[in-house]
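Single-structure report; data block below.
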Amino acid sequence: MDTVTIHNKTFRVELQSERIQNRVREMAREITRDFSGKEPVFVCVLNGAFLFAADIFRNISLDCQIAFIRVASYSGTQSTGTIQNLIGITESIKGRPVIILEDIVDTGDTAVYLMKELSKQEPSEIKFASLLLKPSALKHDFRPDYTGFEVPNDFLVGYGLDFDGLGRNLKDIYKLAVS
């Protein structure tokens with residue numbers, strides 16, 4: 001589908017599924033190479049990163065574990081600027097290498113918050129992998145260690161990204177069409 005309508009807003013394809021899957025496999029190879037001989041803990045940021053995390057995890061060739069954390073910073077199509085830690089990590093990451101898996105870094109607020117909070121648990125190292133990065137929206141001096149795609153500061157849905165709860169199940173990533 002070239003366009004979809006969600007909550008009476010029209011979205012157009014920005015990234016097709018095949019391109020997303022190819023880049024996710026490349027990222028998994030990079031992570032596998034960089035963490036060779038280690039047993040990392042992947043921390044998936046719910047809800048948006050669940051598809052990205054599943055695809056990365058299936059393509060990793062390491063002994064590893066996965067854990068989940070849930071934070072929220074969006075309402076509708078806008079970032080609220082406030083991070084709400086809804087569900088914390090329960091697994092011990094002390095002394096372990098950690099790779100945070102996030103769907104998108106835009107302002108960087110959530111990324112900086114997660115790096116700070118997880119550092120308190122004394123992992124041996126923390127790396128950050130994001131499927132998408134919006135460089136023009138960054139408010140912090142932060143760049144993920146692994147980035148799938150740099151995208152403009154458009155509102156996106158699909159492949160885990162939602163608009164008020166809908167659109168996560170779309171296999172492609174769509175951007176809000178300008179009316």
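Residue numbering restarts at 1 in every chain; chains get A, B, ... in the order shown in the structure tokens, and ligands count up from 1 in that same order.
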**OP:** Using only C-alpha atoms, determine which residues lie at most 9 Å from Asp63 of chain A, disregarding the query and same-chain residues fewer than 3 positions distant; provide the list as a VMD selection string.
**Re:** chain A and resid 37 to 40 60
Just write the chosen residues, N, CA and C atoms, as a short mmCIF file (atom, residue, chain, number, x, y, z; two decimals), in the first residue's frame.
data_model
loop_
_atom_site.label_atom_id
_atom_site.label_comp_id
_atom_site.auth_asym_id
_atom_site.auth_seq_id
_atom_site.Cartn_x
_atom_site.Cartn_y
_atom_site.Cartn_z
N GLY A 37 32.20 -13.10 21.58
CA GLY A 37 32.81 -13.58 22.83
C GLY A 37 32.15 -13.04 24.08
N LYS A 38 31.13 -12.23 23.93
CA LYS A 38 30.41 -11.67 25.08
C LYS A 38 28.99 -12.22 25.08
N GLU A 39 28.31 -12.09 26.21
CA GLU A 39 26.92 -12.50 26.33
C GLU A 39 26.08 -11.29 26.71
N PRO A 40 25.71 -10.49 25.71
CA PRO A 40 24.98 -9.25 26.02
C PRO A 40 23.53 -9.49 26.43
N ILE A 60 20.77 -12.31 15.51
CA ILE A 60 22.00 -12.25 16.30
C ILE A 60 22.58 -13.65 16.44
#
**OP:** Do a neighbour search on segment 151-155 of chain A at 7 Å with only C-alpha atoms, toss out local chain neighbours closer than 4 positions, and write the hits as a list of chain:residue names.
**Re:** A:Thr77, A:Leu132, A:Leu133, A:Lys134, A:Ser136, A:Ala137, A:Lys175, A:Leu176
**OP:** Can you list, as a PyMOL selection string, all residues belonging to segment 50-169 of chain A that DSSP tags as alpha helix (DSSP H)?
**Re:** chain A and resi 50-58+109-119
Original post:
Can you list, as a VMD selection string, every protein, DNA or RNA residue that comes within 7 Å of Gln65 of chain A when you count only C-alpha atoms, leaving out same-chain residues fewer than 2 positions away?
Top reply: chain A and resid 40 to 42 67
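Proximity to segment 4-15 of chain A at 7 Å, evaluated using only C-alpha atoms and with sequence-adjacent residues fewer than 4 positions away removed, yields Arg19, Ile20, Leu166, Asp172, Ile173, Tyr174, Lys175, Leu176 and Ala177 of chain A.
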**OP:** Would you please work out which residue, of A:Arg23, A:Lys171, A:Arg96, A:Lys116, is nearest to Leu131 of chain A when using only C-alpha atoms?
**Re:** A:Arg23
**OP:** Please identify which residues in segment 128-161 of chain A DSSP calls strand (DSSP E) from the backbone, and express them as a PyMOL selection string.
**Re:** chain A and resi 128-133+146-150+156-157
Subject >> Residue nearest Val24 of chain A - candidates A:Ala129, A:Leu114, A:Ile93, A:Ile69, atoms counted: only C-alpha atoms >> reply: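 Looking at the shortest contact to Val24 of chain A, the residue is A:Ala129.
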Original post:
For Thr110 of chain A, which residue out of A:Val45, A:Ile56, A:Met27, A:Ile66 is the nearest one, using only C-alpha atoms?
Top reply: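 That would be A:Val45, the residue with the smallest distance to Thr110 of chain A.
If you measure from each of A:Arg143, A:Glu117, A:Ile89, A:Glu122 to Val105 of chain A using only C-alpha atoms, the closest one turns out to be A:Arg143.
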**OP:** Can you work out which one of A:Lys94, A:Lys127, A:Lys120, A:Arg58 has the shortest atom-to-atom distance to Phe35 of chain A, counting only C-alpha atoms?
**Re:**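 Going through A:Lys94, A:Lys127, A:Lys120, A:Arg58 one by one, the smallest distance to Phe35 of chain A is for A:Lys127.
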Subject >> Best match for closeness to Cys64 of chain A among A:Val43, A:Asp2, A:Tyr146, A:Phe50, counting only C-alpha atoms >> reply: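 Distance minimum relative to Cys64 of chain A lands on A:Val43.
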